[in-house]
file final.txt (compact mmCIF, C-alpha atoms and all ligand atoms)
# COMPACT_ATOMS: atom_id res chain seq x y z
CA MET F 132 35.95 4.08 13.52
CA THR F 133 32.67 5.36 12.25
CA GLY F 134 29.73 6.42 14.35
CA GLU F 135 27.76 3.33 13.55
CA GLN F 136 30.37 0.80 14.55
CA ARG F 137 29.15 -0.15 17.95
CA PRO F 138 31.90 -2.00 19.74
CA GLY F 139 29.44 -4.17 21.60
CA GLU F 140 28.03 -5.51 18.38
CA ARG F 141 31.14 -6.27 16.40
CA VAL F 142 32.21 -9.40 18.17
CA THR F 143 28.93 -10.55 19.60
CA PRO F 144 26.63 -12.93 17.80
CA THR F 145 23.12 -11.58 17.47
CA PHE F 146 21.44 -12.99 20.52
CA ASP F 147 18.33 -11.72 22.13
CA VAL F 148 19.00 -10.88 25.74
CA PRO F 149 16.94 -13.41 27.69
CA SER F 150 13.98 -11.98 29.52
CA GLY F 151 12.11 -13.26 32.51
CA SER F 152 12.78 -13.15 36.21
CA ALA F 153 16.27 -12.84 37.62
CA ALA F 154 16.08 -16.43 38.78
CA ASP F 155 15.60 -17.58 35.18
CA ARG F 156 18.88 -15.98 34.33
CA THR F 157 20.87 -17.89 36.93
CA LEU F 158 23.38 -20.26 35.41
CA VAL F 159 21.97 -23.73 35.24
CA PRO F 160 24.88 -25.94 34.13
CA GLY F 161 23.92 -29.02 32.23
CA ARG F 162 20.46 -27.91 31.22
CA ALA F 163 21.53 -27.36 27.61
CA ALA F 164 23.76 -29.88 25.92
CA GLY F 165 25.84 -30.04 22.76
CA PRO F 166 27.07 -27.06 20.75
CA ASP F 167 24.24 -24.83 22.05
CA ARG F 168 25.41 -25.11 25.61
CA GLY F 169 28.49 -22.92 25.29
CA ALA F 170 26.54 -20.27 23.47
CA ARG F 171 23.80 -20.40 26.04
CA LEU F 172 26.19 -20.07 28.98
CA ASP F 173 27.93 -17.21 27.21
CA ARG F 174 24.61 -15.51 26.63
CA VAL F 175 23.57 -15.94 30.25
CA ARG F 176 26.92 -14.60 31.46
CA GLN F 177 26.61 -11.61 29.14
CA SER F 178 23.12 -10.90 30.41
CA ASN F 179 24.20 -11.28 34.06
CA LEU F 180 27.17 -8.95 33.57
CA ALA F 181 24.82 -6.40 32.01
CA THR F 182 22.36 -6.75 34.89
CA VAL F 183 25.00 -6.18 37.58
CA LEU F 184 26.61 -3.26 35.74
CA GLY F 185 23.16 -1.77 35.10
CA ILE F 186 22.34 -1.81 38.81
CA VAL F 187 25.51 -0.03 39.94
CA HIS F 188 25.16 2.38 37.00
CA THR F 189 21.69 3.62 37.93
CA GLU F 190 21.63 2.98 41.67
CA GLY F 191 25.22 3.72 42.62
CA ALA F 192 27.54 1.78 44.88
CA ARG F 193 26.08 -1.46 46.23
CA SER F 194 27.46 -4.15 48.47
CA ARG F 195 28.00 -7.57 46.95
CA SER F 196 25.29 -8.92 49.24
CA GLY F 197 22.98 -6.12 48.03
CA LEU F 198 23.63 -7.23 44.45
CA THR F 199 22.88 -10.82 45.42
CA GLN F 200 19.55 -9.70 46.82
CA ALA F 201 18.70 -7.41 43.92
CA THR F 202 19.44 -9.99 41.22
CA GLY F 203 18.40 -13.23 42.85
CA LEU F 204 21.72 -14.71 41.72
CA ASN F 205 23.77 -16.70 44.22
CA ARG F 206 26.80 -15.32 46.04
CA SER F 207 29.46 -17.14 44.10
CA THR F 208 27.91 -16.09 40.78
CA ILE F 209 27.86 -12.45 41.92
CA ALA F 210 31.48 -12.73 43.10
CA ALA F 211 32.54 -14.06 39.69
CA LEU F 212 30.56 -11.42 37.79
CA VAL F 213 31.94 -8.58 39.92
CA GLY F 214 35.43 -10.03 39.48
CA GLU F 215 35.03 -9.91 35.73
CA LEU F 216 33.67 -6.35 35.80
CA VAL F 217 36.65 -5.30 37.96
CA GLU F 218 39.01 -6.96 35.49
CA LEU F 219 37.30 -5.11 32.63
CA GLY F 220 37.90 -1.85 34.52
CA LEU F 221 34.20 -1.02 34.73
CA VAL F 222 33.65 -1.22 38.49
CA THR F 223 35.79 -0.93 41.58
CA GLU F 224 35.50 -3.03 44.68
CA THR F 225 36.42 -1.71 48.12
CA GLU F 226 36.16 -2.96 51.67
CA PRO F 227 33.37 -1.22 53.53
CA GLU F 228 34.08 1.03 56.49
CA GLY F 229 33.27 -0.11 59.99
CA LEU F 230 35.14 -3.43 59.90
CA ASN F 231 34.40 -3.98 63.58
CA ARG F 232 30.97 -5.27 62.68
CA VAL F 233 30.21 -8.84 63.43
CA GLY F 234 30.56 -11.21 60.49
CA ARG F 235 32.38 -10.89 57.21
CA PRO F 236 31.80 -7.49 55.57
CA SER F 237 30.47 -7.46 52.04
CA PRO F 238 32.71 -5.52 49.62
CA ILE F 239 31.23 -2.39 48.03
CA VAL F 240 30.91 -2.37 44.23
CA ALA F 241 30.84 1.03 42.49
CA PRO F 242 31.06 2.31 38.90
CA ALA F 243 34.72 2.94 37.98
CA SER F 244 35.46 6.65 37.73
CA ARG F 245 37.73 6.00 34.71
CA VAL F 246 34.69 5.23 32.52
CA VAL F 247 33.10 8.30 30.93
CA ALA F 248 31.02 9.42 27.96
CA PHE F 249 30.83 12.72 26.17
CA ALA F 250 27.46 14.42 25.79
CA VAL F 251 26.75 16.97 23.08
CA ASN F 252 23.75 19.28 22.69
CA PRO F 253 23.64 21.59 19.66
CA GLU F 254 21.26 24.53 20.01
CA ILE F 255 20.34 27.61 17.99
CA ASP F 256 22.90 29.81 19.74
CA SER F 257 25.43 27.39 21.21
CA VAL F 258 26.92 23.93 21.45
CA THR F 259 27.19 22.36 24.91
CA VAL F 260 29.58 19.48 25.61
CA GLY F 261 29.72 17.53 28.86
CA VAL F 262 31.74 14.74 30.42
CA VAL F 263 29.49 12.28 32.24
CA GLY F 264 30.66 9.43 34.45
CA LEU F 265 29.29 5.90 34.44
CA ASP F 266 27.61 6.91 37.71
CA GLY F 267 25.45 9.39 35.74
CA VAL F 268 27.16 12.41 37.28
CA VAL F 269 28.00 15.35 35.00
CA ARG F 270 31.70 16.01 35.72
CA GLN F 271 32.26 18.91 33.37
CA ARG F 272 30.21 21.07 31.09
CA VAL F 273 31.37 23.58 28.50
CA ARG F 274 28.98 25.81 26.58
CA ARG F 275 30.32 27.53 23.48
CA GLU F 276 28.31 30.32 21.95
CA THR F 277 27.99 30.35 18.18
CA ASP F 278 27.68 33.25 15.76
CA GLY F 279 24.11 32.64 14.76
CA VAL F 280 22.50 29.25 14.20
CA PRO F 281 25.24 26.68 13.49
CA THR F 282 25.13 24.38 10.48
CA ALA F 283 25.54 20.68 11.26
CA LEU F 284 29.17 20.71 10.13
CA GLU F 285 29.93 23.83 12.17
CA ALA F 286 28.30 22.29 15.25
CA ALA F 287 30.27 19.06 14.73
CA ALA F 288 33.57 20.93 14.34
CA LEU F 289 32.94 23.04 17.45
CA ALA F 290 31.86 20.01 19.49
CA ALA F 291 34.96 18.08 18.37
CA GLU F 292 37.18 20.98 19.44
CA VAL F 293 35.67 20.99 22.94
CA VAL F 294 35.78 17.17 23.15
CA ALA F 295 39.51 17.27 22.33
CA GLU F 296 40.15 19.92 25.01
CA LEU F 297 38.20 18.02 27.64
CA ARG F 298 39.76 14.72 26.66
CA ALA F 299 43.25 16.13 27.20
CA GLY F 300 42.31 16.72 30.83
CA LEU F 301 40.96 13.21 31.46
CA ASP F 302 42.74 10.31 33.14
CA PRO F 303 44.98 8.90 30.35
CA THR F 304 44.19 5.36 31.49
CA GLY F 305 40.48 6.11 31.35
CA PHE F 306 37.90 4.59 29.03
CA VAL F 307 35.86 6.94 26.86
CA VAL F 308 32.90 4.92 25.60
CA GLY F 309 31.84 7.46 22.96
CA VAL F 310 29.62 10.43 22.32
CA GLY F 311 25.87 10.80 22.79
CA VAL F 312 24.04 13.69 21.17
CA ALA F 313 20.76 15.29 22.25
CA VAL F 314 19.23 16.91 19.16
CA PRO F 315 16.31 19.36 19.26
CA GLY F 316 14.57 17.63 16.38
CA LEU F 317 13.53 14.38 14.76
CA VAL F 318 16.35 11.85 14.70
CA ARG F 319 16.40 8.46 13.00
CA ALA F 320 17.55 6.43 15.96
CA ASP F 321 19.53 3.69 14.25
CA GLU F 322 21.99 5.90 12.40
CA GLY F 323 21.71 9.28 14.11
CA LEU F 324 20.45 11.04 11.00
CA VAL F 325 18.77 14.32 11.88
CA ARG F 326 15.68 14.07 9.73
CA LEU F 327 14.41 17.53 10.70
CA ALA F 328 15.52 20.02 13.33
CA PRO F 329 13.20 22.94 12.54
CA HIS F 330 14.80 25.54 14.79
CA LEU F 331 18.33 24.67 13.68
CA GLY F 332 17.19 24.53 10.06
CA TRP F 333 18.79 21.09 9.65
CA VAL F 334 17.22 18.66 7.17
CA ASP F 335 18.60 15.14 6.61
CA GLU F 336 21.92 15.90 8.29
CA PRO F 337 23.97 12.79 9.16
CA PHE F 338 25.10 14.50 12.35
CA ALA F 339 26.18 11.40 14.29
CA ARG F 340 28.43 10.35 11.42
CA GLN F 341 29.82 13.85 10.97
CA LEU F 342 30.67 14.06 14.66
CA ALA F 343 32.17 10.54 14.69
CA ASP F 344 34.38 11.51 11.76
CA VAL F 345 35.85 14.52 13.55
CA THR F 346 36.10 13.04 17.06
CA GLY F 347 37.11 9.49 16.09
CA LEU F 348 34.65 8.24 18.73
CA PRO F 349 31.53 6.08 18.30
CA THR F 350 28.63 8.50 18.25
CA ARG F 351 24.90 8.09 18.69
CA ALA F 352 22.21 10.74 18.48
CA GLN F 353 18.60 10.96 19.59
CA ASN F 354 15.81 13.45 20.08
CA ASP F 355 16.47 15.64 23.13
CA ALA F 356 13.13 15.07 24.85
CA SER F 357 13.40 11.29 24.47
CA LEU F 358 16.80 11.47 26.17
CA GLY F 359 15.35 13.77 28.84
CA ALA F 360 12.72 11.11 29.53
CA LEU F 361 15.41 8.46 29.85
CA ALA F 362 17.49 10.62 32.20
CA GLU F 363 14.52 11.42 34.45
CA ALA F 364 13.51 7.75 34.49
CA ARG F 365 16.94 6.47 35.48
CA PHE F 366 18.32 9.28 37.64
CA GLY F 367 15.56 11.84 38.31
CA ALA F 368 11.88 12.16 39.18
CA GLY F 369 11.01 8.82 37.57
CA ARG F 370 13.55 6.60 39.33
CA GLY F 371 12.16 3.10 39.62
CA VAL F 372 9.17 3.86 37.38
CA ASP F 373 8.81 1.71 34.26
CA ASP F 374 5.92 3.49 32.54
CA LEU F 375 6.26 7.22 32.31
CA VAL F 376 5.62 10.08 29.93
CA TYR F 377 7.87 13.10 29.98
CA LEU F 378 6.98 16.47 28.52
CA ASN F 379 9.41 19.35 28.39
CA GLY F 380 8.61 22.97 27.57
CA GLY F 381 11.54 24.92 26.17
CA ALA F 382 12.11 28.17 24.34
CA SER F 383 11.56 26.46 21.01
CA GLY F 384 8.53 24.34 21.84
CA VAL F 385 7.31 21.22 23.59
CA GLY F 386 9.13 17.91 23.37
CA GLY F 387 7.99 14.55 24.62
CA GLY F 388 9.37 11.13 25.47
CA VAL F 389 7.61 7.92 26.45
CA LEU F 390 9.01 5.04 28.46
CA ILE F 391 7.18 1.71 28.38
CA ASP F 392 8.30 -1.23 30.53
CA GLY F 393 11.47 0.72 31.30
CA ARG F 394 12.41 1.14 27.66
CA PRO F 395 12.15 4.20 25.44
CA PHE F 396 9.18 3.88 23.10
CA SER F 397 10.72 5.11 19.89
CA GLY F 398 8.43 3.85 17.15
CA ARG F 399 9.68 2.27 13.94
CA GLY F 400 12.14 4.99 12.99
CA GLY F 401 12.76 6.67 16.35
CA TYR F 402 10.34 9.55 15.92
CA ALA F 403 7.66 8.63 18.46
CA GLY F 404 6.66 10.76 21.44
CA GLU F 405 5.93 14.08 19.71
CA ILE F 406 3.16 14.96 22.13
CA GLY F 407 3.81 18.66 21.47
CA HIS F 408 2.23 18.09 18.06
CA THR F 409 -0.95 16.40 19.21
CA LEU F 410 -4.23 18.27 18.72
CA VAL F 411 -5.62 20.19 21.68
CA ASN F 412 -7.60 22.96 19.95
CA SER F 413 -9.27 22.25 16.60
CA SER F 414 -10.01 25.97 16.14
CA GLY F 415 -6.46 26.95 17.06
CA VAL F 416 -3.69 28.46 14.96
CA ARG F 417 -1.45 26.80 12.43
CA CYS F 418 1.69 25.19 13.82
CA HIS F 419 5.11 25.29 12.13
CA CYS F 420 4.64 21.55 11.54
CA GLY F 421 1.75 22.33 9.19
CA ALA F 422 -1.06 21.10 11.42
CA THR F 423 -3.53 23.24 13.35
CA GLY F 424 -4.05 23.51 17.09
CA CYS F 425 -1.02 21.53 18.30
CA LEU F 426 -0.21 21.68 22.05
CA GLU F 427 2.94 23.56 21.06
CA THR F 428 0.87 26.42 19.62
CA GLU F 429 -1.41 26.61 22.68
CA VAL F 430 1.20 26.63 25.45
CA GLY F 431 4.40 28.65 25.18
CA GLN F 432 7.25 30.04 27.20
CA ALA F 433 7.29 33.24 25.14
CA GLU F 434 3.68 34.07 26.13
CA LEU F 435 4.44 33.44 29.80
CA LEU F 436 7.53 35.64 29.68
CA ALA F 437 5.63 38.38 27.87
CA VAL F 438 2.75 38.45 30.35
CA THR F 439 5.12 38.46 33.34
CA GLY F 440 7.37 41.09 31.76
CA LEU F 441 10.46 38.86 31.90
CA ALA F 442 13.15 38.66 29.22
CA ARG F 443 14.17 35.32 27.68
CA TRP F 444 17.35 35.10 29.76
CA GLN F 445 15.18 35.43 32.90
CA ALA F 446 13.33 32.15 32.24
CA ASP F 447 14.66 30.83 35.57
CA GLU F 448 12.55 33.46 37.33
CA LEU F 449 9.33 32.26 35.70
CA ASP F 450 8.43 29.95 38.59
CA ALA F 451 8.39 32.71 41.15
CA ALA F 452 6.59 35.16 38.85
CA LEU F 453 3.78 32.69 38.05
CA VAL F 454 3.25 31.62 41.66
CA ALA F 455 3.17 35.23 42.87
CA ALA F 456 0.48 36.32 40.37
CA PRO F 457 -2.69 37.55 42.14
CA LEU F 458 -5.99 35.85 41.33
CA GLY F 459 -7.61 37.37 38.23
CA SER F 460 -4.43 39.12 37.10
CA PRO F 461 -3.40 38.80 33.43
CA VAL F 462 -0.65 36.39 34.51
CA ALA F 463 -3.10 34.16 36.40
CA VAL F 464 -5.54 34.22 33.47
CA GLU F 465 -2.78 33.17 31.03
CA VAL F 466 -1.58 30.43 33.39
CA ALA F 467 -5.13 29.07 33.66
CA ARG F 468 -5.56 29.11 29.88
CA GLN F 469 -2.28 27.25 29.25
CA VAL F 470 -2.90 24.77 32.10
CA ASP F 471 -6.30 23.93 30.60
CA GLN F 472 -4.73 23.26 27.19
CA LEU F 473 -2.01 21.16 28.82
CA ALA F 474 -4.71 19.17 30.64
CA ILE F 475 -6.24 18.23 27.28
CA ALA F 476 -2.89 16.93 26.02
CA LEU F 477 -2.36 15.01 29.26
CA ARG F 478 -5.83 13.49 28.93
CA ASN F 479 -4.70 12.08 25.60
CA VAL F 480 -1.44 10.89 27.15
CA VAL F 481 -3.23 9.13 30.02
CA ASN F 482 -5.82 7.50 27.74
CA THR F 483 -3.19 6.40 25.21
CA PHE F 484 -0.32 5.19 27.41
CA ASP F 485 -1.82 4.52 30.87
CA PRO F 486 1.40 5.78 32.48
CA GLU F 487 2.27 5.53 36.16
CA LEU F 488 3.92 8.94 36.12
CA ILE F 489 3.89 12.12 34.04
CA VAL F 490 7.03 14.23 34.41
CA LEU F 491 6.86 17.90 33.42
CA GLY F 492 10.02 19.89 32.70
CA GLY F 493 10.88 23.45 31.68
CA PHE F 494 8.02 25.95 31.58
CA LEU F 495 5.47 23.11 31.72
CA GLY F 496 6.89 22.38 35.19
CA SER F 497 6.47 26.07 36.02
CA LEU F 498 2.82 25.96 34.91
CA PHE F 499 2.22 22.89 37.06
CA GLY F 500 3.98 24.58 40.00
CA ALA F 501 1.71 27.61 39.66
CA ALA F 502 -1.59 25.70 39.42
CA PRO F 503 -1.14 22.05 40.44
CA GLU F 504 -4.73 21.48 41.56
CA ARG F 505 -6.16 22.95 38.37
CA LEU F 506 -4.01 20.70 36.18
CA VAL F 507 -4.71 17.52 38.15
CA ALA F 508 -8.44 18.31 38.28
CA GLY F 509 -8.47 18.98 34.53
CA VAL F 510 -6.83 15.65 33.75
CA THR F 511 -8.94 13.73 36.24
CA ALA F 512 -12.17 15.23 34.90
CA GLN F 513 -11.38 14.30 31.30
CA ALA F 514 -9.34 11.09 31.24
CA LEU F 515 -10.99 7.69 31.34
CA PRO F 516 -11.46 5.93 34.64
CA GLY F 517 -8.90 3.21 35.17
CA SER F 518 -5.85 4.81 33.68
CA ARG F 519 -6.54 8.15 35.37
CA ASP F 520 -7.01 6.62 38.81
CA ASP F 521 -3.43 6.25 39.95
CA VAL F 522 -1.47 8.42 37.54
CA ARG F 523 0.83 10.91 39.25
CA ILE F 524 2.05 14.20 37.85
CA VAL F 525 5.40 15.55 39.07
CA ARG F 526 7.99 18.13 38.06
CA ALA F 527 11.26 17.06 36.47
CA ALA F 528 14.11 16.78 38.96
CA LEU F 529 17.37 16.97 37.04
CA GLY F 530 17.38 20.60 35.88
CA ARG F 531 19.99 21.55 33.35
CA ASP F 532 21.93 18.29 33.75
CA ARG F 533 19.07 16.37 32.19
CA LEU F 534 20.13 16.49 28.54
CA MET F 535 23.79 15.79 29.31
CA ILE F 536 22.83 12.72 31.37
CA GLY F 537 20.34 11.53 28.74
CA ALA F 538 22.81 11.94 25.88
CA ALA F 539 25.46 10.05 27.86
CA GLU F 540 22.97 7.23 28.42
CA ARG F 541 22.83 6.84 24.65
CA ALA F 542 26.62 6.64 24.55
CA PHE F 543 26.72 4.07 27.39
CA GLU F 544 24.07 1.90 25.73
CA ALA F 545 26.36 -0.64 24.02
CA LEU F 546 28.53 -0.96 27.14
CA LEU F 547 25.51 -1.55 29.37
CA ALA F 548 24.04 -4.12 26.98
CA ASP F 549 27.22 -6.19 26.65
CA PRO F 550 30.01 -4.98 28.96
CA ALA F 551 32.69 -7.52 28.03
CA SER F 552 32.36 -7.13 24.26
CA ALA F 553 32.24 -3.33 24.50
CA VAL F 554 35.54 -3.20 26.42
CA ARG F 555 37.36 -5.90 24.47
CA GLY F 556 36.11 -4.61 21.14
CA ALA F 557 37.06 -0.96 21.85
ZN ZN F 601 2.59 20.96 15.28
call {"tool": "encode", "arguments": {"input": "final.txt", "output": "structure tokens"}}
result
Amino acid sequence: MTGEQRPGERVTPTFDVPSGSAADRTLVPGRAAGPDRGARLDRVRQSNLATVLGIVHTEGARSRSGLTQATGLNRSTIAALVGELVELGLVTETEPEGLNRVGRPSPIVAPASRVVAFAVNPEIDSVTVGVVGLDGVVRQRVRRETDGVPTALEAAALAAEVVAELRAGLDPTGFVVGVGVAVPGLVRADEGLVRLAPHLGWVDEPFARQLADVTGLPTRAQNDASLGALAEARFGAGRGVDDLVYLNGGASGVGGGVLIDGRPFSGRGGYAGEIGHTLVNSSGVRCHCGATGCLETEVGQAELLAVTGLARWQADELDAALVAAPLGSPVAVEVARQVDQLAIALRNVVNTFDPELIVLGGFLGSLFGAAPERLVAGVTAQALPGSRDDVRIVRAALGRDRLMIGAAERAFEALLADPASAVRGA
């Protein structure tokens, strides 16, 4: 199987998933007639299965009556859908505790622990591989150091080795949906081609295909910050928020991801969201991307570490060091300078996307933690009224699990879109 064979798409006709309210998606027998009717009912069932699985995936165990409420579908429809998901091995159903309650208890539906995805994150000095459950919990994580910056083929071979080791320890009756990869670079979303990963030195590397070849598992890849945005939106600081912008500051720069109406905004080729390369200082320095005055050149972890006297491996201590800096100290002056530059970028974000929430991760979260009022005031003073009025700025919540969870989301995508086809086609 190659990386681009998505099980959910092999046996399914190309239908658009119907949109609209949950009530619109309730089965209405007899509304359509003739040859279209079967296809329509099948499409509605597929969409309903996806809806129910999606709820227990992101929100965890729910009672059947809770699912009835959340979807607007009737009880017998929910019972049939849950029954099918149990049969597919994707959810489990258990009797709730406390059976002495009055009335018939509603069974609890939870993601099946047998369903997992692998997550892979190649970096300049290591490859990290994780096992992530359908409940979004990182079960295992293995980080392998590399001798220098790995080539794409080296990273694929190392990742495959770890995947094989981890797989040997999994439930043999389990279902591995595939591999999701978080790449620190520009990735063409449809085929997982790494167009450019500047810090890895990768140019036009078909990494998803290379990894699929050596693991034998369907593999999808995406930009790391876009996946971080997805993870925070579904399981972290942005839970329940449909319009958010996520910015992460790491050792190698600033990445961004945008979620609109609950979906990743990826642009035509999958490259959108590079807020780190938007202009904040027209008289600034030249960026590695070729432009001048990018956010990424104006804010940096290295400068914060240098001014606080911390080494790179002490990045976790940055928060405390920035907060403790006395007023007027070199640390406080540098924090103020970077916060002001970040405020300019966030002004652009607010004016462009009108998000409900801005989530800041990595050292950008540390900057916000050190001077929250200054950042909020800077954004409020500069952004347009309307979109600036209700926007909230928060720190990312998932910590180091973020990229593993986001990468796994990419791997779960086909299953979540069409559960029955993904299982039967695997
Ligand atoms: Zn740039």
call {"tool": "residues_near_point", "arguments": {"input": "final.txt", "point": "(7.3, 32.4, 24.6)", "cutoff": "10 Å", "atoms": "all atoms listed in the file", "output": "list in words"}}
result
Gly380, Gly381, Ala382, Ser383, Gly384, Val430, Gly431, Gln432, Ala433, Glu434, Leu435, Leu436, Ala437, Val438, Ala442, Arg443, Ala446 and Phe494 of chain F
call {"tool": "residues_near_ligand", "arguments": {"input": "final.txt", "ligand": "ligand ZN 601 (chain F)", "cutoff": "8 Å", "atoms": "all atoms listed in the file", "output": "JSON list (two decimals) with C-alpha atoms, in the frame of the given file"}}
result
[["chain", "number", "residue", "atom", "x", "y", "z"],
["F", 407, "GLY", "CA", 3.81, 18.66, 21.47],
["F", 408, "HIS", "CA", 2.23, 18.09, 18.06],
["F", 409, "THR", "CA", -0.95, 16.40, 19.21],
["F", 417, "ARG", "CA", -1.45, 26.80, 12.43],
["F", 418, "CYS", "CA", 1.69, 25.19, 13.82],
["F", 419, "HIS", "CA", 5.11, 25.29, 12.13],
["F", 420, "CYS", "CA", 4.64, 21.55, 11.54],
["F", 421, "GLY", "CA", 1.75, 22.33, 9.19],
["F", 422, "ALA", "CA", -1.06, 21.10, 11.42],
["F", 423, "THR", "CA", -3.53, 23.24, 13.35],
["F", 424, "GLY", "CA", -4.05, 23.51, 17.09],
["F", 425, "CYS", "CA", -1.02, 21.53, 18.30],
["F", 426, "LEU", "CA", -0.21, 21.68, 22.05],
["F", 427, "GLU", "CA", 2.94, 23.56, 21.06],
["F", 428, "THR", "CA", 0.87, 26.42, 19.62]]
call {"tool": "residues_around", "arguments": {"input": "final.txt", "residues": "Ala551 of chain F", "least_positions_apart": "3", "cutoff": "8 Å", "atoms": "all atoms listed in the file", "output": "list in words"}}
result
Gly139, Gln177, Leu180, Leu216, Leu219, Leu546, Val554 and Arg555 of chain F
call {"tool": "write_last_selection", "arguments": {"input": "final.txt", "atoms": "C-alpha atoms", "output": "PDB file, keeping the file's coordinate frame"}}
result
ATOM      1  CA  GLY F 139      29.440  -4.170  21.600  1.00  0.00           C
ATOM      2  CA  GLN F 177      26.610 -11.610  29.140  1.00  0.00           C
ATOM      3  CA  LEU F 180      27.170  -8.950  33.570  1.00  0.00           C
ATOM      4  CA  LEU F 216      33.670  -6.350  35.800  1.00  0.00           C
ATOM      5  CA  LEU F 219      37.300  -5.110  32.630  1.00  0.00           C
ATOM      6  CA  LEU F 546      28.530  -0.960  27.140  1.00  0.00           C
ATOM      7  CA  VAL F 554      35.540  -3.200  26.420  1.00  0.00           C
ATOM      8  CA  ARG F 555      37.360  -5.900  24.470  1.00  0.00           C
TER       9      ARG F 555
END
call {"tool": "closest_atom_pairs", "arguments": {"input": "final.txt", "of": "segment 189-248 of chain F", "to": "segment 540-543 of chain F", "cutoff": "10 Å", "atoms": "only C-alpha atoms", "output": "Markdown table"}}
result
| residue | atom | partner | partner_atom | distance |
| --- | --- | --- | --- | --- |
| F:Val246 | CA | F:Phe543 | CA | 9.5 |
| F:Val247 | CA | F:Phe543 | CA | 8.4 |
| F:Ala248 | CA | F:Ala542 | CA | 6.2 |
call {"tool": "write_last_selection", "arguments": {"input": "final.txt", "atoms": "C-alpha atoms", "output": "PDB file, in the coordinates of the input"}}
result
ATOM      1  CA  VAL F 246      34.690   5.230  32.520  1.00  0.00           C
ATOM      2  CA  VAL F 247      33.100   8.300  30.930  1.00  0.00           C
ATOM      3  CA  ALA F 248      31.020   9.420  27.960  1.00  0.00           C
TER       4      ALA F 248
END
call {"tool": "residues_around", "arguments": {"input": "final.txt", "residues": "Gly191 of chain F", "least_positions_apart": "2", "cutoff": "9 Å", "atoms": "all atoms listed in the file", "output": "PyMOL selection string"}}
result
chain F and resi 186-189+193+240-242+266-267
call {"tool": "write_last_selection", "arguments": {"input": "final.txt", "atoms": "C-alpha atoms", "output": "mmCIF file, in the coordinates of the input"}}
result
data_model
loop_
_atom_site.group_PDB
_atom_site.id
_atom_site.type_symbol
_atom_site.label_atom_id
_atom_site.label_comp_id
_atom_site.auth_asym_id
_atom_site.auth_seq_id
_atom_site.Cartn_x
_atom_site.Cartn_y
_atom_site.Cartn_z
ATOM 1 C CA ILE F 186 22.340 -1.810 38.810
ATOM 2 C CA VAL F 187 25.510 -0.030 39.940
ATOM 3 C CA HIS F 188 25.160 2.380 37.000
ATOM 4 C CA THR F 189 21.690 3.620 37.930
ATOM 5 C CA ARG F 193 26.080 -1.460 46.230
ATOM 6 C CA VAL F 240 30.910 -2.370 44.230
ATOM 7 C CA ALA F 241 30.840 1.030 42.490
ATOM 8 C CA PRO F 242 31.060 2.310 38.900
ATOM 9 C CA ASP F 266 27.610 6.910 37.710
ATOM 10 C CA GLY F 267 25.450 9.390 35.740
#
call {"tool": "residues_near_point", "arguments": {"input": "final.txt", "point": "(17.6, 14.0, 40.7)", "cutoff": "10 Å", "atoms": "all atoms listed in the file", "output": "list in words"}}
result
Ala362, Glu363, Ala364, Arg365, Phe366, Gly367, Ala368, Gly369, Arg370, Ala527, Ala528, Leu529, Gly530, Asp532 and Arg533 of chain F
call {"tool": "closest_residue", "arguments": {"input": "final.txt", "among": "F:Ala452, F:Val183, F:Gly316, F:Ala343", "to": "Glu405 of chain F", "atoms": "all atoms listed in the file"}}
result
F:Gly316
call {"tool": "closest_residue", "arguments": {"input": "final.txt", "among": "F:Thr304, F:Thr282, F:Ser357, F:Ser413", "to": "Trp333 of chain F", "atoms": "all atoms listed in the file"}}
result
F:Thr282
call {"tool": "residues_around", "arguments": {"input": "final.txt", "residues": "Leu301 of chain F", "least_positions_apart": "3", "cutoff": "12 Å", "atoms": "all atoms listed in the file", "output": "PDB file with C-alpha atoms, in the coordinates of the input"}}
result
ATOM      1  CA  SER F 244      35.460   6.650  37.730  1.00  0.00           C
ATOM      2  CA  ARG F 245      37.730   6.000  34.710  1.00  0.00           C
ATOM      3  CA  VAL F 246      34.690   5.230  32.520  1.00  0.00           C
ATOM      4  CA  VAL F 247      33.100   8.300  30.930  1.00  0.00           C
ATOM      5  CA  ALA F 248      31.020   9.420  27.960  1.00  0.00           C
ATOM      6  CA  PHE F 249      30.830  12.720  26.170  1.00  0.00           C
ATOM      7  CA  VAL F 262      31.740  14.740  30.420  1.00  0.00           C
ATOM      8  CA  VAL F 263      29.490  12.280  32.240  1.00  0.00           C
ATOM      9  CA  GLY F 264      30.660   9.430  34.450  1.00  0.00           C
ATOM     10  CA  ARG F 270      31.700  16.010  35.720  1.00  0.00           C
ATOM     11  CA  GLN F 271      32.260  18.910  33.370  1.00  0.00           C
ATOM     12  CA  VAL F 294      35.780  17.170  23.150  1.00  0.00           C
ATOM     13  CA  ALA F 295      39.510  17.270  22.330  1.00  0.00           C
ATOM     14  CA  GLU F 296      40.150  19.920  25.010  1.00  0.00           C
ATOM     15  CA  LEU F 297      38.200  18.020  27.640  1.00  0.00           C
ATOM     16  CA  ARG F 298      39.760  14.720  26.660  1.00  0.00           C
ATOM     17  CA  THR F 304      44.190   5.360  31.490  1.00  0.00           C
ATOM     18  CA  GLY F 305      40.480   6.110  31.350  1.00  0.00           C
ATOM     19  CA  PHE F 306      37.900   4.590  29.030  1.00  0.00           C
ATOM     20  CA  VAL F 307      35.860   6.940  26.860  1.00  0.00           C
TER      21      VAL F 307
END
call {"tool": "residues_around", "arguments": {"input": "final.txt", "residues": "Ile391 of chain F", "least_positions_apart": "5", "cutoff": "10 Å", "atoms": "all atoms listed in the file", "output": "ChimeraX atom specification"}}
result
/F:372-376,396-397,484-487
